[in-house]
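One file, data-v7.cif, carrying mmCIF, C-alpha atoms and all ligand atoms:
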data_entry
loop_
_atom_site.label_atom_id
_atom_site.label_comp_id
_atom_site.auth_asym_id
_atom_site.auth_seq_id
_atom_site.Cartn_x
_atom_site.Cartn_y
_atom_site.Cartn_z
CA MET A 1 -20.16 -12.53 -24.93
CA SER A 2 -16.45 -12.46 -25.70
CA ILE A 3 -15.10 -12.48 -22.15
CA ARG A 4 -11.75 -14.30 -21.89
CA PRO A 5 -11.84 -17.50 -19.77
CA GLU A 6 -9.05 -16.05 -17.57
CA ILE A 7 -11.41 -13.22 -16.56
CA LYS A 8 -14.31 -15.58 -15.91
CA ALA A 9 -12.02 -17.60 -13.66
CA LEU A 10 -11.09 -14.55 -11.55
CA GLY A 11 -12.32 -14.16 -8.00
CA ALA A 12 -13.43 -10.63 -7.10
CA TYR A 13 -11.36 -8.35 -4.83
CA LYS A 14 -12.91 -9.15 -1.44
CA PHE A 15 -14.53 -6.11 0.07
CA GLU A 16 -18.01 -5.61 1.49
CA ALA A 17 -19.34 -2.31 2.84
CA LYS A 18 -20.83 -2.62 6.39
CA ALA A 19 -22.51 -0.30 8.87
CA TYR A 20 -20.21 0.79 11.71
CA GLN A 21 -19.44 3.44 14.32
CA VAL A 22 -15.67 2.96 14.29
CA LYS A 23 -14.01 2.16 10.97
CA LEU A 24 -10.78 0.21 11.38
CA ASP A 25 -10.93 -1.99 8.28
CA GLN A 26 -8.94 -0.35 5.46
CA ASN A 27 -5.62 0.91 6.86
CA GLU A 28 -6.77 4.47 6.26
CA SER A 29 -5.82 7.54 8.21
CA PRO A 30 -8.67 8.37 10.63
CA TYR A 31 -8.04 12.07 9.92
CA ASP A 32 -9.47 14.03 7.01
CA LEU A 33 -7.46 16.82 5.42
CA PRO A 34 -7.45 19.73 7.94
CA GLN A 35 -10.39 22.07 7.38
CA ALA A 36 -8.17 25.09 6.60
CA LEU A 37 -6.41 23.19 3.80
CA LYS A 38 -9.71 21.92 2.42
CA GLU A 39 -11.03 25.48 2.27
CA LYS A 40 -7.88 26.64 0.51
CA LEU A 41 -8.27 23.80 -1.97
CA LEU A 42 -11.87 24.75 -2.72
CA GLU A 43 -10.76 28.32 -3.34
CA ARG A 44 -8.10 27.14 -5.76
CA LEU A 45 -10.56 24.88 -7.55
CA LEU A 46 -12.71 27.92 -8.33
CA ASN A 47 -9.89 29.10 -10.59
CA ILE A 48 -9.33 25.80 -12.39
CA PRO A 49 -11.00 25.55 -15.79
CA PHE A 50 -12.88 22.25 -15.70
CA ASN A 51 -13.42 22.38 -19.48
CA ARG A 52 -9.67 21.96 -20.09
CA TYR A 53 -7.72 18.72 -19.96
CA PRO A 54 -5.14 18.43 -17.15
CA ASP A 55 -1.43 17.54 -17.69
CA LEU A 56 -0.93 14.67 -20.12
CA LYS A 57 0.84 12.50 -17.53
CA ALA A 58 0.76 14.58 -14.33
CA GLU A 59 4.11 16.17 -15.25
CA SER A 60 3.60 19.03 -12.78
CA LEU A 61 3.31 16.48 -9.94
CA SER A 62 6.42 14.59 -11.08
CA ASP A 63 8.27 17.93 -10.96
CA LEU A 64 7.02 18.68 -7.44
CA LEU A 65 7.82 15.19 -6.21
CA ALA A 66 11.26 15.45 -7.81
CA GLN A 67 12.03 18.48 -5.64
CA LYS A 68 10.67 16.83 -2.53
CA LEU A 69 12.47 13.52 -3.03
CA GLY A 70 15.67 14.83 -4.59
CA TRP A 71 15.11 12.54 -7.57
CA PRO A 72 15.00 13.31 -11.32
CA ALA A 73 11.45 14.03 -12.53
CA LYS A 74 12.09 11.70 -15.48
CA GLY A 75 12.39 8.88 -12.95
CA ILE A 76 8.94 9.46 -11.38
CA LEU A 77 5.48 8.30 -12.48
CA VAL A 78 2.23 9.40 -10.84
CA GLY A 79 -0.92 7.28 -10.98
CA PRO A 80 -4.51 7.52 -9.69
CA GLY A 81 -3.75 5.30 -6.69
CA SER A 82 -0.55 3.26 -6.42
CA ASN A 83 -2.52 0.13 -7.25
CA THR A 84 -2.96 1.37 -10.83
CA LEU A 85 0.83 1.66 -11.15
CA LEU A 86 1.32 -1.94 -10.06
CA ARG A 87 -0.54 -3.06 -13.17
CA ARG A 88 1.88 -1.08 -15.34
CA PHE A 89 4.69 -3.33 -14.08
CA VAL A 90 2.75 -6.48 -14.87
CA GLU A 91 2.10 -5.09 -18.35
CA GLY A 92 5.62 -3.79 -18.88
CA CYS A 93 7.73 -6.53 -17.27
CA GLY A 94 5.45 -9.51 -16.54
CA ILE A 95 3.28 -10.54 -19.47
CA GLY A 96 4.92 -13.34 -21.45
CA GLN A 97 7.66 -13.43 -18.79
CA ARG A 98 7.16 -14.01 -15.04
CA VAL A 99 5.39 -12.32 -12.12
CA LEU A 100 6.79 -13.37 -8.76
CA THR A 101 5.34 -12.43 -5.39
CA LEU A 102 4.71 -13.77 -1.92
CA HIS A 103 1.69 -15.18 -0.14
CA PRO A 104 0.00 -13.71 1.81
CA THR A 105 0.65 -10.25 0.48
CA PHE A 106 -1.26 -7.34 -1.07
CA SER A 107 -3.73 -9.11 -3.35
CA VAL A 108 -3.51 -6.67 -6.26
CA TYR A 109 -0.17 -8.10 -7.51
CA SER A 110 -1.73 -11.49 -8.19
CA LEU A 111 -5.08 -10.00 -9.24
CA ASP A 112 -3.32 -8.02 -11.98
CA ALA A 113 -1.22 -10.99 -13.05
CA ASN A 114 -4.30 -13.22 -13.14
CA THR A 115 -6.18 -10.62 -15.22
CA LEU A 116 -3.39 -10.12 -17.73
CA ASP A 117 -1.43 -13.35 -17.87
CA PRO A 118 -2.18 -16.04 -15.23
CA ILE A 119 0.54 -18.34 -16.58
CA SER A 120 3.21 -15.86 -15.58
CA LEU A 121 2.30 -15.83 -11.86
CA SER A 122 4.22 -17.50 -9.06
CA GLU A 123 3.22 -16.90 -5.41
CA VAL A 124 5.78 -18.12 -2.88
CA PRO A 125 4.47 -18.69 0.68
CA LEU A 126 6.09 -16.62 3.41
CA ASN A 127 7.59 -18.65 6.26
CA ASP A 128 5.23 -19.27 9.20
CA ASP A 129 6.77 -16.34 11.09
CA PHE A 130 6.19 -14.13 7.99
CA SER A 131 9.91 -14.03 7.20
CA LEU A 132 11.15 -14.32 3.61
CA PRO A 133 11.75 -17.80 2.17
CA LEU A 134 15.05 -16.67 0.67
CA LYS A 135 16.14 -19.99 -0.83
CA THR A 136 12.86 -20.58 -2.66
CA LEU A 137 12.70 -17.00 -3.88
CA LYS A 138 16.27 -17.15 -5.20
CA ALA A 139 15.47 -20.41 -6.99
CA GLU A 140 12.45 -18.71 -8.60
CA LEU A 141 14.56 -15.70 -9.59
CA ALA A 142 17.07 -18.02 -11.26
CA GLN A 143 14.35 -19.13 -13.69
CA GLY A 144 13.53 -16.74 -16.52
CA THR A 145 12.95 -13.06 -15.94
CA GLY A 146 10.05 -10.73 -15.09
CA VAL A 147 8.82 -8.62 -12.20
CA PHE A 148 9.10 -9.40 -8.49
CA PHE A 149 6.65 -7.58 -6.16
CA ILE A 150 7.54 -7.30 -2.50
CA ALA A 151 5.73 -5.11 0.01
CA ASN A 152 8.10 -3.78 2.70
CA PRO A 153 6.74 -3.14 5.29
CA ALA A 154 4.76 -6.26 4.47
CA ALA A 155 0.97 -6.34 4.26
CA PRO A 156 -1.22 -7.76 5.70
CA SER A 157 1.36 -9.26 8.08
CA GLY A 158 2.70 -5.84 9.15
CA ASN A 159 6.33 -6.92 9.66
CA LEU A 160 9.47 -5.41 8.15
CA HIS A 161 11.72 -7.63 6.04
CA PRO A 162 15.38 -6.93 6.93
CA GLU A 163 17.12 -4.73 4.39
CA ALA A 164 20.06 -7.16 3.99
CA GLU A 165 17.63 -9.93 2.98
CA VAL A 166 15.87 -7.71 0.46
CA ILE A 167 19.24 -6.67 -0.97
CA SER A 168 20.26 -10.31 -1.37
CA LEU A 169 17.07 -10.85 -3.41
CA ILE A 170 17.74 -7.72 -5.46
CA GLU A 171 21.23 -9.06 -6.25
CA ALA A 172 19.76 -12.42 -7.33
CA ALA A 173 17.14 -10.58 -9.41
CA LYS A 174 19.81 -8.43 -11.04
CA GLU A 175 21.70 -11.47 -12.30
CA HIS A 176 18.63 -12.55 -14.26
CA SER A 177 17.47 -9.06 -15.27
CA TRP A 178 14.32 -9.03 -13.13
CA THR A 179 12.64 -5.79 -12.17
CA VAL A 180 12.05 -5.60 -8.41
CA VAL A 181 9.11 -3.50 -7.23
CA ILE A 182 9.35 -2.57 -3.55
CA ASP A 183 5.89 -1.50 -2.43
CA GLU A 184 6.56 1.09 0.30
CA ALA A 185 2.91 1.95 0.96
CA TYR A 186 3.50 1.99 4.74
CA HIS A 187 7.14 3.13 4.92
CA GLN A 188 6.48 6.30 6.93
CA PHE A 189 5.14 4.21 9.84
CA SER A 190 8.24 1.99 9.95
CA GLY A 191 10.63 4.89 9.35
CA THR A 192 12.23 3.04 6.41
CA ASP A 193 13.19 4.45 3.03
CA TYR A 194 14.52 2.45 0.06
CA LYS A 195 15.57 5.52 -1.92
CA ASN A 196 19.29 4.78 -1.60
CA ILE A 197 18.73 1.20 -2.68
CA VAL A 198 16.69 2.33 -5.70
CA LYS A 199 19.56 4.71 -6.49
CA ARG A 200 22.10 1.88 -6.28
CA TYR A 201 20.16 -0.66 -8.38
CA PRO A 202 18.71 0.33 -11.78
CA ASN A 203 16.41 -2.73 -11.67
CA VAL A 204 14.61 -1.57 -8.49
CA ILE A 205 11.52 0.64 -8.29
CA SER A 206 9.80 1.99 -5.17
CA VAL A 207 6.02 2.38 -5.26
CA ARG A 208 4.39 4.74 -2.75
CA THR A 209 0.92 6.02 -1.99
CA PHE A 210 -0.77 9.14 -0.65
CA SER A 211 -3.62 6.98 0.70
CA LYS A 212 -2.03 6.10 4.05
CA ALA A 213 0.27 8.55 5.90
CA TYR A 214 -1.08 11.50 3.87
CA GLY A 215 -4.71 10.48 4.49
CA LEU A 216 -5.77 11.01 0.85
CA ALA A 217 -7.27 7.58 0.10
CA GLY A 218 -10.41 9.18 -1.36
CA ILE A 219 -8.40 11.36 -3.75
CA ARG A 220 -6.58 8.36 -5.31
CA LEU A 221 -2.94 9.21 -5.85
CA GLY A 222 0.28 7.22 -5.78
CA TYR A 223 3.66 7.35 -7.47
CA CYS A 224 6.70 5.28 -8.20
CA PHE A 225 10.32 6.20 -8.76
CA GLY A 226 13.31 4.48 -10.26
CA HIS A 227 16.04 5.04 -12.82
CA PRO A 228 14.80 7.25 -15.67
CA GLU A 229 15.48 4.57 -18.28
CA ILE A 230 13.00 2.00 -16.93
CA ILE A 231 10.51 4.67 -15.79
CA GLY A 232 10.66 6.20 -19.29
CA GLU A 233 9.63 2.87 -20.80
CA LEU A 234 6.76 2.44 -18.33
CA ARG A 235 5.57 6.02 -18.84
CA LYS A 236 4.47 4.95 -22.32
CA THR A 237 1.88 2.62 -20.76
CA LEU A 238 0.18 5.34 -18.64
CA THR A 239 -3.34 6.31 -19.69
CA PRO A 240 -3.20 9.84 -21.15
CA PHE A 241 -4.81 12.50 -18.92
CA GLY A 242 -5.26 9.85 -16.21
CA ILE A 243 -4.88 12.28 -13.27
CA SER A 244 -7.71 14.81 -12.97
CA SER A 245 -7.34 18.53 -12.28
CA LEU A 246 -8.92 17.90 -8.84
CA GLN A 247 -6.23 15.35 -8.02
CA LEU A 248 -3.44 17.57 -9.34
CA GLU A 249 -4.58 20.57 -7.34
CA THR A 250 -5.07 18.59 -4.11
CA LEU A 251 -1.59 17.14 -4.18
CA LYS A 252 0.03 20.44 -5.14
CA LEU A 253 -1.56 22.02 -2.08
CA VAL A 254 -0.73 19.17 0.29
CA LEU A 255 2.88 18.92 -0.88
CA SER A 256 3.39 22.63 -0.45
CA GLU A 257 1.55 23.03 2.88
CA GLY A 258 0.67 19.69 4.40
CA ASP A 259 3.69 18.12 6.02
CA GLU A 260 2.83 19.10 9.58
CA PHE A 261 -0.43 17.18 9.79
CA VAL A 262 1.21 14.16 8.15
CA GLU A 263 4.08 14.15 10.66
CA ARG A 264 1.64 14.50 13.56
CA TYR A 265 -0.38 11.51 12.35
CA ILE A 266 2.73 9.33 11.86
CA ALA A 267 3.93 10.13 15.40
CA GLU A 268 0.49 9.31 16.79
CA VAL A 269 0.37 5.94 14.97
CA LYS A 270 3.74 5.01 16.50
CA SER A 271 2.67 5.85 20.04
CA GLU A 272 -0.84 4.39 19.72
CA ARG A 273 0.64 1.18 18.29
CA GLU A 274 2.74 0.70 21.44
CA ARG A 275 -0.17 1.55 23.71
CA ILE A 276 -2.49 -0.91 21.92
CA PHE A 277 0.08 -3.73 22.04
CA LYS A 278 0.52 -3.21 25.79
CA ALA A 279 -3.25 -3.29 26.26
CA LEU A 280 -3.52 -6.48 24.17
CA ASP A 281 -0.77 -8.06 26.29
CA ALA A 282 -2.72 -7.15 29.42
CA LEU A 283 -5.89 -8.68 27.95
CA ALA A 284 -3.93 -11.78 26.83
CA ILE A 285 -5.22 -11.35 23.28
CA PRO A 286 -2.82 -12.89 20.74
CA TYR A 287 -1.62 -10.48 18.04
CA LYS A 288 1.19 -10.02 15.54
CA PRO A 289 3.38 -7.00 16.23
CA SER A 290 3.50 -4.54 13.37
CA VAL A 291 5.57 -1.61 12.13
CA THR A 292 2.64 -0.17 10.17
CA ASN A 293 -0.67 1.59 10.87
CA PHE A 294 -2.47 -1.75 11.22
CA PHE A 295 -1.93 -5.07 12.99
CA LEU A 296 -3.38 -8.57 13.19
CA ILE A 297 -5.21 -10.08 16.14
CA LEU A 298 -5.61 -13.84 16.20
CA SER A 299 -8.58 -15.87 17.33
CA ASP A 300 -9.70 -19.52 17.30
CA GLU A 301 -13.06 -18.22 16.11
CA PRO A 302 -12.31 -15.24 13.85
CA ALA A 303 -15.79 -15.12 12.25
CA LYS A 304 -17.42 -14.92 15.70
CA LEU A 305 -14.97 -12.30 16.96
CA TYR A 306 -15.44 -10.23 13.79
CA GLN A 307 -19.22 -10.25 14.26
CA ALA A 308 -19.02 -9.57 18.01
CA LEU A 309 -16.85 -6.49 17.30
CA LEU A 310 -19.23 -5.36 14.55
CA ASP A 311 -22.19 -5.77 16.93
CA LYS A 312 -20.40 -3.22 19.12
CA GLY A 313 -19.94 -0.90 16.15
CA ILE A 314 -16.27 -1.75 15.48
CA LEU A 315 -15.50 -2.64 11.87
CA VAL A 316 -12.26 -4.55 11.27
CA ARG A 317 -11.19 -6.70 8.30
CA ARG A 318 -11.26 -10.49 8.17
CA GLN A 319 -7.99 -11.95 6.93
CA ASP A 320 -8.55 -15.53 8.08
CA HIS A 321 -8.78 -16.66 4.44
CA LEU A 322 -5.08 -15.70 4.21
CA ILE A 323 -3.73 -16.19 7.72
CA GLN A 324 -5.22 -18.64 10.20
CA GLY A 325 -7.53 -16.91 12.68
CA ALA A 326 -6.47 -13.39 11.68
CA LEU A 327 -8.45 -10.16 11.82
CA ARG A 328 -6.74 -7.00 10.62
CA VAL A 329 -7.24 -3.82 12.63
CA SER A 330 -6.24 -0.31 11.55
CA ILE A 331 -4.87 2.08 14.16
CA GLY A 332 -7.49 4.80 14.61
CA THR A 333 -7.69 7.94 16.69
CA PRO A 334 -6.92 7.42 20.41
CA SER A 335 -10.65 7.36 21.21
CA GLU A 336 -11.38 4.90 18.39
CA ASN A 337 -8.58 2.68 19.69
CA ASP A 338 -10.08 2.91 23.18
CA ALA A 339 -13.46 1.86 21.76
CA PHE A 340 -11.82 -1.12 20.05
CA LEU A 341 -9.98 -2.16 23.21
CA SER A 342 -13.09 -1.78 25.41
CA ALA A 343 -15.12 -3.84 22.95
CA LEU A 344 -12.47 -6.58 22.97
CA ALA A 345 -12.33 -6.56 26.77
CA ALA A 346 -16.13 -6.83 26.98
CA ILE A 347 -16.24 -9.68 24.43
CA LYS A 348 -13.43 -11.51 26.24
CA ALA A 349 -15.19 -11.20 29.62
CA PHE A 350 -18.26 -12.98 28.23
N1 LIG A 401 0.14 -1.42 -1.57
C1 LIG A 401 -0.26 -1.93 -0.40
C2 LIG A 401 0.67 -2.86 0.32
C3 LIG A 401 -1.50 -1.60 0.12
O1 LIG A 401 -1.92 -2.13 1.29
C4 LIG A 401 -2.35 -0.73 -0.61
C5 LIG A 401 -3.73 -0.31 -0.14
N2 LIG A 401 -4.42 -1.11 0.67
C6 LIG A 401 -1.89 -0.24 -1.82
C7 LIG A 401 -0.64 -0.59 -2.27
C8 LIG A 401 -2.76 0.61 -2.71
O2 LIG A 401 -2.84 1.89 -2.33
P1 LIG A 401 -3.56 2.98 -3.25
O3 LIG A 401 -4.66 3.52 -2.42
O4 LIG A 401 -2.48 3.99 -3.53
O5 LIG A 401 -4.03 2.35 -4.51
#

Would it be possible to restate this file's structure as structure tokens?
Amino acid sequence: MSIRPEIKALGAYKFEAKAYQVKLDQNESPYDLPQALKEKLLERLLNIPFNRYPDLKAESLSDLLAQKLGWPAKGILVGPGSNTLLRRFVEGCGIGQRVLTLHPTFSVYSLDANTLDPISLSEVPLNDDFSLPLKTLKAELAQGTGVFFIANPAAPSGNLHPEAEVISLIEAAKEHSWTVVIDEAYHQFSGTDYKNIVKRYPNVISVRTFSKAYGLAGIRLGYCFGHPEIIGELRKTLTPFGISSLQLETLKLVLSEGDEFVERYIAEVKSERERIFKALDALAIPYKPSVTNFFLILSDEPAKLYQALLDKGILVRRQDHLIQGALRVSIGTPSENDAFLSALAAIKAF
């Protein structure tokens, strides 16, 4: 068996399917695509020849996104889930150079680096309050060159790093020719948008997903945008015909007709988030405030609390291997959030 030792040394991505009544464990939208749009999609699929290959590199989606974003299509790449695009940056800018990220953060950055070139990886701990350790990061950026991954809003901590701090890191990265990947998976929920910063700095890329605000996690689609020069280089690393006709057609439909349901969901997340935090305050349950569609609650006995919630049908995600005592909870529908809060209240009363 010719498996490389680096692969044998890898831990698996931690995820275990469980039975539940209320699913709050994966930062998904609780809402499926509206029925009318699904029916329209099925109709359109009847006219798609499944025997024919789709676009070579989802060019028709880059064109649509270009119109929507006001960005040149040559500066946009589409991938089957934004996590597949992250690997392109490790391949294109990291291997044999450096991969810099934070800890805790989205685990795929380090998983990809560890799969492709573990020596390149550096994970800098966030400060205890989840703020950026600017001095340490700048010292890292002064050594060599490579790719720096930063999720903003941050995950799983759920906070927003101030734009001025991120810009100071981008400036430091620029001096040493690093590529900076801003993962904006949750940007709609924080109301932030790094497009102008990407425009200003040719070494910065924004990566976005349709899995969260658009509620298309099952369809698997994400994209990134940056200056056409760097995107053109990375386009060479995309797998040919990597986006299926089903994916192409779904996104075409949603981009042309779907904004209303997306906006409604974003507004609901913002108001539910405030309502939940008030309820947690009233219950005296410690939590970390968040600008995203998920948040952390903290417990002295996270394993017990996780199981007690699951016994009441509420599935959340353990994060206590990353952050002491933390369970991560997605914001669900108002009635799912009520179920979560009632379960917590009942557990606490025990
Ligand atoms: N970035 C972050 C910060 C995420 O939390 C996630 C999903 N959990 C992703 C990227 C990946 O999203 P996708 O479904 O597009 O692969």

Would you mind listing what lies within 9 Å of stretch 278-290 of chain A as an NGL selection string, with all atoms listed in the file counted and same-chain residues fewer than 6 positions away left out?
:A and (153 or 157-160 or 190 or 296-299 or 326 or 341 or 344-345 or 348)

| said: At a cut-off of 8 Å and counting only C-alpha atoms and all ligand atoms, what residues surround ligand LIG 401 (chain A)? Please answer as an MDAnalysis selection string. | reply: chainID A and resid 26:27 80:84 105:106 108 151:156 183:186 207:212 217 220:222

Nearest to A:Leu216, restricted to all atoms listed in the file and choosing among A:Ser120, A:Gln247, A:Ser60, A:Thr101, comes out as A:Gln247

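From atom CA of A:Thr237 back to atom CA of A:Trp178, the distance works out to 18.7 Å.
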
Report task. Find the residue from A:Ala142, A:Val147, A:Leu111, A:Ile314 that sits nearest to A:Phe340; use all atoms listed in the file when measuring. Result ->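 Closest to A:Phe340, using all atoms listed in the file: A:Ile314.
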
### Task
List every protein, DNA or RNA residue that has an atom no more than 6 Å from (17.8, 2.4, -11.4) in the file's coordinate frame, counting all atoms listed in the file, and report them as a PyMOL selection string.
chain A and resi 198-199+201-204+226-227

Which neighbours of A:Pro240 fall inside 12 Å, counting all atoms listed in the file, when residues of the same chain fewer than 4 positions from it are skipped, and could you give them as a tab-separated table (two decimals) with C-alpha atoms, in the frame of the given file?
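See part.tsv below for the written result:
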chain	number	residue	atom	x	y	z
A	53	TYR	CA	-7.72	18.72	-19.96
A	54	PRO	CA	-5.14	18.43	-17.15
A	55	ASP	CA	-1.43	17.54	-17.69
A	56	LEU	CA	-0.93	14.67	-20.12
A	57	LYS	CA	0.84	12.50	-17.53
A	58	ALA	CA	0.76	14.58	-14.33
A	59	GLU	CA	4.11	16.17	-15.25
A	78	VAL	CA	2.23	9.40	-10.84
A	79	GLY	CA	-0.92	7.28	-10.98
A	80	PRO	CA	-4.51	7.52	-9.69
A	235	ARG	CA	5.57	6.02	-18.84
A	236	LYS	CA	4.47	4.95	-22.32
A	244	SER	CA	-7.71	14.81	-12.97

Item to complete: Please identify all polymer residues within 10 Å of stretch 45-52 of chain A, counting all atoms listed in the file, omitting same-chain residues fewer than 6 positions from it, and present them as a count of residues only.
Response: 6

Practice task
Name the residues in contact with A:Leu61 at a cut-off of 9 Å, using all atoms listed in the file, excluding same-chain residues fewer than 3 positions from it; report them as an MDAnalysis selection string.
Solution key: chainID A and resid 57:58 64:66 73 77:78 248 251:252

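Closest approach to A:Glu260 from the set A:Ala213, A:Leu85, A:Leu69, A:Ala346 is made by A:Ala213, with distances taken over only C-alpha atoms.
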
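Straight-line separation from atom CA of A:Ile7 to atom CA of A:Asn114: 7.9 Å.
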
Please determine, counting only C-alpha atoms, which residue among A:Trp71, A:Phe148, A:Phe130, A:Phe225 has the shortest atom-to-atom distance to A:Val90.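 Comparing A:Trp71, A:Phe148, A:Phe130, A:Phe225 against A:Val90, the winner is A:Phe148.
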
Shortest contact to A:Lys270, candidates A:Phe189, A:Tyr306, A:Tyr194, A:Phe294, atoms counted only C-alpha atoms, goes to A:Phe189

Taken to one decimal, the atom CA of A:Gln21-atom CA of A:Glu263 distance is 26.1 Å

Find the residues around A:Gly325 up to 7 Å (all atoms listed in the file counted), leave out those fewer than 2 positions away in its own chain, and share them as a ChimeraX atom specification. /A:298-302,320,323,327

request  = Kindly indicate which residue among A:Gln97, A:Gln319, A:Gln35, A:Ser131 lies nearest to A:Gly144, using only C-alpha atoms for the distances.
outcome  =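 Once distances to A:Gly144 are computed over only C-alpha atoms, the minimum belongs to A:Gln97.
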
Stretch 213-219 of chain A written out with all heavy atoms as a short mmCIF file (atom, residue, chain, number, x, y, z; two decimals), in the first residue's frame:
data_model
loop_
_atom_site.label_atom_id
_atom_site.label_comp_id
_atom_site.auth_asym_id
_atom_site.auth_seq_id
_atom_site.Cartn_x
_atom_site.Cartn_y
_atom_site.Cartn_z
N ALA A 213 -26.33 31.44 3.59
CA ALA A 213 -27.46 32.35 3.42
C ALA A 213 -28.40 31.88 2.30
O ALA A 213 -29.61 32.09 2.38
CB ALA A 213 -26.95 33.77 3.13
N TYR A 214 -27.86 31.25 1.27
CA TYR A 214 -28.69 30.79 0.15
C TYR A 214 -29.34 29.43 0.42
O TYR A 214 -30.17 28.97 -0.37
CB TYR A 214 -27.86 30.72 -1.14
CG TYR A 214 -27.72 32.06 -1.83
CD1 TYR A 214 -26.76 32.97 -1.41
CD2 TYR A 214 -28.56 32.42 -2.87
CE1 TYR A 214 -26.62 34.20 -2.02
CE2 TYR A 214 -28.44 33.65 -3.50
CZ TYR A 214 -27.47 34.54 -3.07
OH TYR A 214 -27.35 35.75 -3.68
N GLY A 215 -28.93 28.76 1.50
CA GLY A 215 -29.57 27.50 1.86
C GLY A 215 -29.37 26.38 0.84
O GLY A 215 -30.25 25.53 0.67
N LEU A 216 -28.21 26.36 0.17
CA LEU A 216 -28.00 25.33 -0.86
C LEU A 216 -26.87 24.37 -0.48
O LEU A 216 -26.13 23.90 -1.37
CB LEU A 216 -27.67 26.00 -2.20
CG LEU A 216 -28.78 26.86 -2.82
CD1 LEU A 216 -28.26 27.57 -4.08
CD2 LEU A 216 -29.99 26.01 -3.17
N ALA A 217 -26.74 24.08 0.81
CA ALA A 217 -25.62 23.22 1.26
C ALA A 217 -25.60 21.88 0.52
O ALA A 217 -24.53 21.35 0.20
CB ALA A 217 -25.68 23.01 2.76
N GLY A 218 -26.79 21.34 0.25
CA GLY A 218 -26.86 20.02 -0.40
C GLY A 218 -26.47 20.06 -1.87
O GLY A 218 -26.17 19.02 -2.46
N ILE A 219 -26.51 21.23 -2.46
CA ILE A 219 -26.20 21.35 -3.90
C ILE A 219 -24.70 21.47 -4.12
O ILE A 219 -24.18 21.08 -5.14
CB ILE A 219 -26.96 22.57 -4.51
CG1 ILE A 219 -28.48 22.39 -4.33
CG2 ILE A 219 -26.62 22.78 -5.98
CD1 ILE A 219 -29.06 21.21 -5.10
#
